[in-house]
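To be precise, the following lines are work-v8.pdb, and they hold PDB, C-alpha atoms.
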ATOM      1  CA  MET A   5      76.410  11.774   5.550  1.00  0.00           C
ATOM      2  CA  ARG A   6      73.421  10.676   7.647  1.00  0.00           C
ATOM      3  CA  PRO A   7      71.201   7.876   6.327  1.00  0.00           C
ATOM      4  CA  LEU A   8      67.794   8.904   4.952  1.00  0.00           C
ATOM      5  CA  THR A   9      65.999   7.189   7.793  1.00  0.00           C
ATOM      6  CA  CYS A  10      67.574   9.676  10.191  1.00  0.00           C
ATOM      7  CA  ASN A  11      66.094  12.576   8.265  1.00  0.00           C
ATOM      8  CA  PRO A  12      63.032  13.958  10.176  1.00  0.00           C
ATOM      9  CA  LEU A  13      61.332  14.881   6.880  1.00  0.00           C
ATOM     10  CA  TYR A  14      61.793  11.335   5.555  1.00  0.00           C
ATOM     11  CA  ARG A  15      60.355   9.837   8.738  1.00  0.00           C
ATOM     12  CA  LYS A  16      57.353  12.180   8.529  1.00  0.00           C
ATOM     13  CA  VAL A  17      56.581  11.281   4.905  1.00  0.00           C
ATOM     14  CA  ASP A  18      57.097   7.585   5.619  1.00  0.00           C
ATOM     15  CA  ALA A  19      54.706   7.720   8.586  1.00  0.00           C
ATOM     16  CA  VAL A  20      52.081   9.423   6.460  1.00  0.00           C
ATOM     17  CA  ASN A  21      52.413   6.744   3.765  1.00  0.00           C
ATOM     18  CA  ILE A  22      52.115   3.950   6.318  1.00  0.00           C
ATOM     19  CA  ALA A  23      49.027   5.546   7.918  1.00  0.00           C
ATOM     20  CA  SER A  24      47.468   5.993   4.480  1.00  0.00           C
ATOM     21  CA  ALA A  25      48.126   2.350   3.600  1.00  0.00           C
ATOM     22  CA  VAL A  26      46.649   1.137   6.870  1.00  0.00           C
ATOM     23  CA  SER A  27      43.606   3.370   6.431  1.00  0.00           C
ATOM     24  CA  SER A  28      43.072   2.104   2.870  1.00  0.00           C
ATOM     25  CA  SER A  29      43.327  -1.513   3.971  1.00  0.00           C
ATOM     26  CA  TRP A  30      40.742  -0.942   6.694  1.00  0.00           C
ATOM     27  CA  LYS A  31      38.118   0.581   4.375  1.00  0.00           C
ATOM     28  CA  PRO A  32      37.124  -2.695   2.620  1.00  0.00           C
ATOM     29  CA  SER A  33      37.128  -4.491   5.969  1.00  0.00           C
ATOM     30  CA  LEU A  34      34.848  -1.893   7.545  1.00  0.00           C
ATOM     31  CA  ALA A  35      32.529  -1.938   4.538  1.00  0.00           C
ATOM     32  CA  PHE A  36      32.353  -5.743   4.611  1.00  0.00           C
ATOM     33  CA  SER A  37      31.687  -5.748   8.368  1.00  0.00           C
ATOM     34  CA  PHE A  38      28.904  -3.188   8.000  1.00  0.00           C
ATOM     35  CA  PHE A  39      27.326  -5.188   5.163  1.00  0.00           C
ATOM     36  CA  PHE A  40      27.520  -8.419   7.184  1.00  0.00           C
ATOM     37  CA  LEU A  41      25.901  -6.809  10.247  1.00  0.00           C
ATOM     38  CA  LEU A  42      23.178  -5.342   8.032  1.00  0.00           C
ATOM     39  CA  LEU A  43      22.369  -8.793   6.675  1.00  0.00           C
ATOM     40  CA  VAL A  44      22.283 -10.250  10.176  1.00  0.00           C
ATOM     41  CA  PHE A  45      19.855  -7.628  11.458  1.00  0.00           C
ATOM     42  CA  LEU A  46      17.621  -7.617   8.383  1.00  0.00           C
ATOM     43  CA  SER A  47      17.452 -11.360   7.732  1.00  0.00           C
ATOM     44  CA  PRO A  48      14.703 -12.017  10.345  1.00  0.00           C
ATOM     45  CA  VAL A  49      12.620  -9.219   8.831  1.00  0.00           C
ATOM     46  CA  VAL A  50      13.013 -10.546   5.306  1.00  0.00           C
ATOM     47  CA  SER A  51      12.236 -14.128   6.289  1.00  0.00           C
ATOM     48  CA  ALA A  52       9.179 -12.984   8.246  1.00  0.00           C
ATOM     49  CA  GLN A  53       7.739 -11.392   5.112  1.00  0.00           C
ATOM     50  CA  THR A  54       8.251 -14.297   2.716  1.00  0.00           C
ATOM     51  CA  TYR A  55       5.551 -16.707   3.930  1.00  0.00           C
ATOM     52  CA  ASP A  56       4.175 -17.481   0.499  1.00  0.00           C
ATOM     53  CA  PRO A  57       2.549 -20.944   0.312  1.00  0.00           C
ATOM     54  CA  TRP A  58       0.463 -19.825  -2.706  1.00  0.00           C
ATOM     55  CA  ARG A  59       3.499 -18.742  -4.720  1.00  0.00           C
ATOM     56  CA  GLU A  60       2.427 -20.320  -8.012  1.00  0.00           C
ATOM     57  CA  GLY A  61      -1.030 -18.725  -7.960  1.00  0.00           C
ATOM     58  CA  ASN A  62       0.421 -15.401  -6.821  1.00  0.00           C
ATOM     59  CA  GLN A  63       2.831 -15.414  -9.744  1.00  0.00           C
ATOM     60  CA  ARG A  64      -0.043 -15.949 -12.196  1.00  0.00           C
ATOM     61  CA  VAL A  65      -2.076 -13.122 -10.673  1.00  0.00           C
ATOM     62  CA  PHE A  66       0.994 -10.874 -10.693  1.00  0.00           C
ATOM     63  CA  ALA A  67       1.540 -11.603 -14.391  1.00  0.00           C
ATOM     64  CA  PHE A  68      -2.121 -10.786 -15.094  1.00  0.00           C
ATOM     65  CA  ASN A  69      -1.880  -7.528 -13.133  1.00  0.00           C
ATOM     66  CA  ASP A  70       1.275  -6.527 -14.981  1.00  0.00           C
ATOM     67  CA  PHE A  71      -0.333  -7.253 -18.356  1.00  0.00           C
ATOM     68  CA  PHE A  72      -3.512  -5.403 -17.337  1.00  0.00           C
ATOM     69  CA  ASP A  73      -1.441  -2.444 -16.139  1.00  0.00           C
ATOM     70  CA  GLN A  74       0.632  -2.214 -19.319  1.00  0.00           C
ATOM     71  CA  LEU A  75      -2.345  -2.713 -21.636  1.00  0.00           C
ATOM     72  CA  LEU A  76      -4.980  -0.524 -20.020  1.00  0.00           C
ATOM     73  CA  VAL A  77      -4.342   1.143 -16.675  1.00  0.00           C
ATOM     74  CA  ARG A  78      -1.054   2.903 -17.351  1.00  0.00           C
ATOM     75  CA  PRO A  79      -2.057   4.422 -20.735  1.00  0.00           C
ATOM     76  CA  ILE A  80      -5.346   5.691 -19.280  1.00  0.00           C
ATOM     77  CA  ALA A  81      -3.667   7.077 -16.152  1.00  0.00           C
ATOM     78  CA  SER A  82      -0.942   8.751 -18.226  1.00  0.00           C
ATOM     79  CA  THR A  83      -3.544  10.328 -20.494  1.00  0.00           C
ATOM     80  CA  TYR A  84      -5.529  11.499 -17.458  1.00  0.00           C
ATOM     81  CA  THR A  85      -2.418  13.056 -15.923  1.00  0.00           C
ATOM     82  CA  PHE A  86      -1.404  14.725 -19.196  1.00  0.00           C
ATOM     83  CA  PHE A  87      -4.750  16.320 -20.080  1.00  0.00           C
ATOM     84  CA  MET A  88      -6.242  16.979 -16.646  1.00  0.00           C
ATOM     85  CA  PRO A  89      -4.944  20.155 -14.944  1.00  0.00           C
ATOM     86  CA  ARG A  90      -3.170  19.621 -11.640  1.00  0.00           C
ATOM     87  CA  VAL A  91      -5.718  21.635  -9.673  1.00  0.00           C
ATOM     88  CA  VAL A  92      -8.521  19.400 -10.985  1.00  0.00           C
ATOM     89  CA  ARG A  93      -6.593  16.246 -10.121  1.00  0.00           C
ATOM     90  CA  GLN A  94      -5.987  17.633  -6.649  1.00  0.00           C
ATOM     91  CA  GLY A  95      -9.709  18.238  -6.216  1.00  0.00           C
ATOM     92  CA  VAL A  96     -10.562  14.718  -7.389  1.00  0.00           C
ATOM     93  CA  GLY A  97      -8.014  13.247  -4.989  1.00  0.00           C
ATOM     94  CA  ASN A  98      -9.405  15.347  -2.130  1.00  0.00           C
ATOM     95  CA  PHE A  99     -12.942  14.160  -2.883  1.00  0.00           C
ATOM     96  CA  PHE A 100     -12.072  10.462  -2.676  1.00  0.00           C
ATOM     97  CA  SER A 101      -9.860  11.070   0.358  1.00  0.00           C
ATOM     98  CA  ASN A 102     -12.855  12.647   2.091  1.00  0.00           C
ATOM     99  CA  VAL A 103     -14.970   9.596   1.213  1.00  0.00           C
ATOM    100  CA  ARG A 104     -12.322   7.268   2.654  1.00  0.00           C
ATOM    101  CA  ASP A 105     -12.280   9.309   5.867  1.00  0.00           C
ATOM    102  CA  VAL A 106     -15.663   7.739   6.695  1.00  0.00           C
ATOM    103  CA  ASN A 107     -14.005   4.307   6.913  1.00  0.00           C
ATOM    104  CA  VAL A 108     -11.074   5.825   8.761  1.00  0.00           C
ATOM    105  CA  ALA A 109     -13.359   7.282  11.443  1.00  0.00           C
ATOM    106  CA  VAL A 110     -15.174   3.943  11.849  1.00  0.00           C
ATOM    107  CA  ASN A 111     -11.883   2.081  12.261  1.00  0.00           C
ATOM    108  CA  ASP A 112     -10.668   4.701  14.734  1.00  0.00           C
ATOM    109  CA  LEU A 113     -13.650   3.831  16.909  1.00  0.00           C
ATOM    110  CA  LEU A 114     -13.128   0.077  16.491  1.00  0.00           C
ATOM    111  CA  GLN A 115      -9.523   0.519  17.637  1.00  0.00           C
ATOM    112  CA  PHE A 116     -10.626   2.720  20.565  1.00  0.00           C
ATOM    113  CA  LYS A 117      -8.756   5.737  19.175  1.00  0.00           C
ATOM    114  CA  PHE A 118     -11.464   8.115  20.249  1.00  0.00           C
ATOM    115  CA  GLN A 119      -9.475  11.328  19.807  1.00  0.00           C
ATOM    116  CA  ASP A 120      -8.546  10.343  16.237  1.00  0.00           C
ATOM    117  CA  ALA A 121     -12.181   9.388  15.580  1.00  0.00           C
ATOM    118  CA  LEU A 122     -13.311  12.845  16.722  1.00  0.00           C
ATOM    119  CA  SER A 123     -10.678  14.511  14.546  1.00  0.00           C
ATOM    120  CA  ASP A 124     -11.529  12.448  11.451  1.00  0.00           C
ATOM    121  CA  SER A 125     -15.265  12.994  11.961  1.00  0.00           C
ATOM    122  CA  GLY A 126     -14.560  16.713  12.116  1.00  0.00           C
ATOM    123  CA  ARG A 127     -12.611  16.455   8.877  1.00  0.00           C
ATOM    124  CA  ILE A 128     -15.579  14.822   7.151  1.00  0.00           C
ATOM    125  CA  LEU A 129     -18.007  17.458   8.414  1.00  0.00           C
ATOM    126  CA  ILE A 130     -15.810  20.437   7.498  1.00  0.00           C
ATOM    127  CA  ASN A 131     -14.590  19.159   4.119  1.00  0.00           C
ATOM    128  CA  THR A 132     -18.047  17.982   3.029  1.00  0.00           C
ATOM    129  CA  THR A 133     -19.652  21.350   3.820  1.00  0.00           C
ATOM    130  CA  ILE A 134     -17.114  24.178   3.644  1.00  0.00           C
ATOM    131  CA  GLY A 135     -14.857  22.161   1.333  1.00  0.00           C
ATOM    132  CA  VAL A 136     -17.640  21.576  -1.222  1.00  0.00           C
ATOM    133  CA  TRP A 137     -18.126  17.793  -0.920  1.00  0.00           C
ATOM    134  CA  GLY A 138     -14.467  17.316  -0.135  1.00  0.00           C
ATOM    135  CA  LEU A 139     -13.026  18.938  -3.256  1.00  0.00           C
ATOM    136  CA  ILE A 140     -11.068  21.335  -1.029  1.00  0.00           C
ATOM    137  CA  ASP A 141      -9.184  20.049   2.021  1.00  0.00           C
ATOM    138  CA  VAL A 142     -10.146  22.819   4.441  1.00  0.00           C
ATOM    139  CA  ALA A 143      -9.757  20.602   7.521  1.00  0.00           C
ATOM    140  CA  SER A 144      -5.999  20.156   7.080  1.00  0.00           C
ATOM    141  CA  ASP A 145      -5.554  23.927   6.887  1.00  0.00           C
ATOM    142  CA  LEU A 146      -7.465  24.180  10.174  1.00  0.00           C
ATOM    143  CA  GLY A 147      -5.038  21.750  11.843  1.00  0.00           C
ATOM    144  CA  LEU A 148      -7.136  18.562  11.752  1.00  0.00           C
ATOM    145  CA  GLU A 149      -4.608  15.835  10.963  1.00  0.00           C
ATOM    146  CA  LYS A 150      -5.561  13.136   8.464  1.00  0.00           C
ATOM    147  CA  HIS A 151      -5.138   9.547   9.684  1.00  0.00           C
ATOM    148  CA  GLU A 152      -4.922   6.304   7.734  1.00  0.00           C
ATOM    149  CA  GLU A 153      -6.852   3.356   9.169  1.00  0.00           C
ATOM    150  CA  ASP A 154      -8.611   0.424   7.528  1.00  0.00           C
ATOM    151  CA  PHE A 155     -10.270  -2.827   8.538  1.00  0.00           C
ATOM    152  CA  GLY A 156      -7.060  -4.779   7.958  1.00  0.00           C
ATOM    153  CA  GLN A 157      -5.316  -2.618  10.558  1.00  0.00           C
ATOM    154  CA  THR A 158      -8.288  -3.014  12.890  1.00  0.00           C
ATOM    155  CA  LEU A 159      -8.109  -6.806  12.618  1.00  0.00           C
ATOM    156  CA  GLY A 160      -4.398  -6.580  13.346  1.00  0.00           C
ATOM    157  CA  ALA A 161      -5.091  -4.435  16.414  1.00  0.00           C
ATOM    158  CA  TRP A 162      -7.515  -7.127  17.583  1.00  0.00           C
ATOM    159  CA  GLY A 163      -4.757  -9.718  17.393  1.00  0.00           C
ATOM    160  CA  VAL A 164      -5.553 -11.344  14.027  1.00  0.00           C
ATOM    161  CA  GLY A 165      -2.371 -12.561  12.311  1.00  0.00           C
ATOM    162  CA  SER A 166      -1.447 -11.319   8.861  1.00  0.00           C
ATOM    163  CA  GLY A 167      -1.588 -14.774   7.276  1.00  0.00           C
ATOM    164  CA  PRO A 168      -0.015 -15.808   3.962  1.00  0.00           C
ATOM    165  CA  TYR A 169       1.174 -13.372   1.322  1.00  0.00           C
ATOM    166  CA  VAL A 170      -1.342 -13.012  -1.497  1.00  0.00           C
ATOM    167  CA  VAL A 171      -1.487 -11.036  -4.744  1.00  0.00           C
ATOM    168  CA  LEU A 172      -4.987  -9.759  -5.489  1.00  0.00           C
ATOM    169  CA  PRO A 173      -6.283  -9.146  -9.015  1.00  0.00           C
ATOM    170  CA  VAL A 174      -6.026  -5.417  -9.842  1.00  0.00           C
ATOM    171  CA  PHE A 175      -5.321  -4.418  -6.203  1.00  0.00           C
ATOM    172  CA  GLY A 176      -1.905  -6.101  -6.065  1.00  0.00           C
ATOM    173  CA  ALA A 177       0.193  -7.349  -3.154  1.00  0.00           C
ATOM    174  CA  SER A 178      -1.481  -7.959   0.199  1.00  0.00           C
ATOM    175  CA  ASN A 179      -1.961 -10.678   2.807  1.00  0.00           C
ATOM    176  CA  LEU A 180      -4.923 -12.794   3.860  1.00  0.00           C
ATOM    177  CA  ARG A 181      -5.967 -10.549   6.760  1.00  0.00           C
ATOM    178  CA  ASP A 182      -5.781  -7.318   4.748  1.00  0.00           C
ATOM    179  CA  SER A 183      -7.604  -8.969   1.844  1.00  0.00           C
ATOM    180  CA  PHE A 184     -10.551  -9.684   4.130  1.00  0.00           C
ATOM    181  CA  GLY A 185     -10.232  -6.158   5.480  1.00  0.00           C
ATOM    182  CA  LEU A 186     -10.394  -4.818   1.925  1.00  0.00           C
ATOM    183  CA  VAL A 187     -13.761  -6.536   1.471  1.00  0.00           C
ATOM    184  CA  LEU A 188     -15.065  -4.799   4.587  1.00  0.00           C
ATOM    185  CA  ASP A 189     -13.602  -1.467   3.429  1.00  0.00           C
ATOM    186  CA  THR A 190     -15.470  -1.876   0.154  1.00  0.00           C
ATOM    187  CA  VAL A 191     -18.732  -2.826   1.860  1.00  0.00           C
ATOM    188  CA  PHE A 192     -18.603   0.226   4.133  1.00  0.00           C
ATOM    189  CA  ASN A 193     -17.486   2.630   1.400  1.00  0.00           C
ATOM    190  CA  PRO A 194     -20.256   5.292   1.096  1.00  0.00           C
ATOM    191  CA  LEU A 195     -19.977   5.152  -2.709  1.00  0.00           C
ATOM    192  CA  GLN A 196     -21.395   1.607  -2.583  1.00  0.00           C
ATOM    193  CA  TYR A 197     -24.763   3.025  -1.572  1.00  0.00           C
ATOM    194  CA  ILE A 198     -25.289   5.179  -4.659  1.00  0.00           C
ATOM    195  CA  ASP A 199     -28.468   3.930  -6.320  1.00  0.00           C
ATOM    196  CA  GLU A 200     -27.431   4.610  -9.918  1.00  0.00           C
ATOM    197  CA  PRO A 201     -25.157   1.723 -11.100  1.00  0.00           C
ATOM    198  CA  SER A 202     -23.552   3.752 -13.898  1.00  0.00           C
ATOM    199  CA  ALA A 203     -22.647   6.587 -11.514  1.00  0.00           C
ATOM    200  CA  LYS A 204     -21.240   4.114  -8.992  1.00  0.00           C
ATOM    201  CA  LEU A 205     -19.110   2.407 -11.661  1.00  0.00           C
ATOM    202  CA  SER A 206     -17.893   5.741 -13.035  1.00  0.00           C
ATOM    203  CA  LEU A 207     -16.796   6.923  -9.596  1.00  0.00           C
ATOM    204  CA  PHE A 208     -14.996   3.636  -8.956  1.00  0.00           C
ATOM    205  CA  VAL A 209     -13.112   3.890 -12.262  1.00  0.00           C
ATOM    206  CA  VAL A 210     -12.150   7.531 -11.658  1.00  0.00           C
ATOM    207  CA  GLU A 211     -10.944   6.693  -8.153  1.00  0.00           C
ATOM    208  CA  GLU A 212      -8.728   3.878  -9.427  1.00  0.00           C
ATOM    209  CA  ILE A 213      -7.308   6.032 -12.237  1.00  0.00           C
ATOM    210  CA  ASP A 214      -6.616   8.871  -9.810  1.00  0.00           C
ATOM    211  CA  SER A 215      -4.912   6.439  -7.438  1.00  0.00           C
TER     212      SER A 215
END

Starting from the coordinates I provided, produce the structure as structure tokens.
Amino acid sequence: MRPLTCNPLYRKVDAVNIASAVSSSWKPSLAFSFFFLLLVFLSPVVSAQTYDPWREGNQRVFAFNDFFDQLLVRPIASTYTFFMPRVVRQGVGNFFSNVRDVNVAVNDLLQFKFQDALSDSGRILINTTIGVWGLIDVASDLGLEKHEEDFGQTLGAWGVGSGPYVVLPVFGASNLRDSFGLVLDTVFNPLQYIDEPSAKLSLFVVEEIDS
């Protein structure tokens, strides 16, 4: 009688078992290697984003924002979302997006993106007129792409560094450069030039709730 090891079927099954064992032993090693390489490649990015010399103050502002959000903002926003029909919310969002396009067009010019500036100016003209003060986004349907630019991005394009990480009251996480840019965005927001203070405040509150 021949030994089992001489049996072709036995050798085939044994080879399969060995290959399976080797494959199983390699899986944890491959997973560990992939995880290690991921850490190596991402570690410079993470460290570059953690410049936080004002950590203690940022933590206090973050705690205030979280309390303010839980106490007031989230219940109001949830109520707004529940009772306001989707089509109305879409119109409100389109209106404020059209207002922000004014700042976008200005920053396009400051960054020498003249084609984008022409496109965004066209969006403002079309949506403000045909789109009934921006309630309907007609420009997007006509192929005019919406861009996102602000004064923080413009300062970055001019070579201004981002600066330390900072948490702003209400507005949340940012950095020093974008915080200054936010001030300029607010100054140049067309809603700032509404004469009636109550109307200006109401629009600001609705915009924040919609956001």

**Message:** Using only C-alpha atoms, which protein or nucleic acid residues come within 12 Å of region 154-170 of chain A? Drop anything in the same chain fewer than 5 positions from it, and give the result as a PyMOL selection string.
**Reply:** chain A and resi 52-66+104-117+175-193

Within 12 Å of region 130-137 of chain A: each region 66-107 of chain A residue with its shortest pair, only C-alpha atoms, as CSV:
residue,atom,partner,partner_atom,distance
A:Gly95,CA,A:Gly135,CA,9.9
A:Val96,CA,A:Trp137,CA,10.4
A:Gly97,CA,A:Trp137,CA,11.8
A:Asn98,CA,A:Asn131,CA,9.0
A:Phe99,CA,A:Trp137,CA,6.6
A:Phe100,CA,A:Trp137,CA,9.7
A:Ser101,CA,A:Asn131,CA,10.1
A:Asn102,CA,A:Asn131,CA,7.0
A:Val103,CA,A:Trp137,CA,9.0
A:Asp105,CA,A:Asn131,CA,10.3
A:Val106,CA,A:Thr132,CA,11.1

Output for the residues just chosen: C-alpha atoms as an mmCIF file, in the frame of the given file:
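And here's out-v7.cif as it stands now:
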data_model
loop_
_atom_site.group_PDB
_atom_site.id
_atom_site.type_symbol
_atom_site.label_atom_id
_atom_site.label_comp_id
_atom_site.auth_asym_id
_atom_site.auth_seq_id
_atom_site.Cartn_x
_atom_site.Cartn_y
_atom_site.Cartn_z
ATOM 1 C CA GLY A 95 -9.709 18.238 -6.216
ATOM 2 C CA VAL A 96 -10.562 14.718 -7.389
ATOM 3 C CA GLY A 97 -8.014 13.247 -4.989
ATOM 4 C CA ASN A 98 -9.405 15.347 -2.130
ATOM 5 C CA PHE A 99 -12.942 14.160 -2.883
ATOM 6 C CA PHE A 100 -12.072 10.462 -2.676
ATOM 7 C CA SER A 101 -9.860 11.070 0.358
ATOM 8 C CA ASN A 102 -12.855 12.647 2.091
ATOM 9 C CA VAL A 103 -14.970 9.596 1.213
ATOM 10 C CA ASP A 105 -12.280 9.309 5.867
ATOM 11 C CA VAL A 106 -15.663 7.739 6.695
#

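Here CA of Ala67 (chain A) is placed at a distance of 19.8 Å from CA of Ile213 (chain A).
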
**Request:** Kindly give the distance, in Å, that separates CA of Phe72 (chain A) and CA of Leu139 (chain A), rounded to a single decimal.
**Result:** 29.7 Å

Enclose the full set of atoms of region 71-88 of chain A listed in the file within a box whose edges lie along x, y and z, apply 5 Å of padding to each of the six sides, and report centre and edge lengths in Å to one decimal as AutoDock Vina command-line options.
--center_x -2.8 --center_y 4.9 --center_z -18.8 --size_x 16.9 --size_y 34.2 --size_z 15.7

**Asked** For Val171 (chain A), which residue out of A:Ser202, A:Asn69, A:Ser215, A:Gln74 is the nearest one, using only C-alpha atoms?
**Response**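 Closest residue, counting only C-alpha atoms: A:Asn69.
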
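CA of Lys150 (chain A) is positioned 6.7 Å from CA of Asp124 (chain A).
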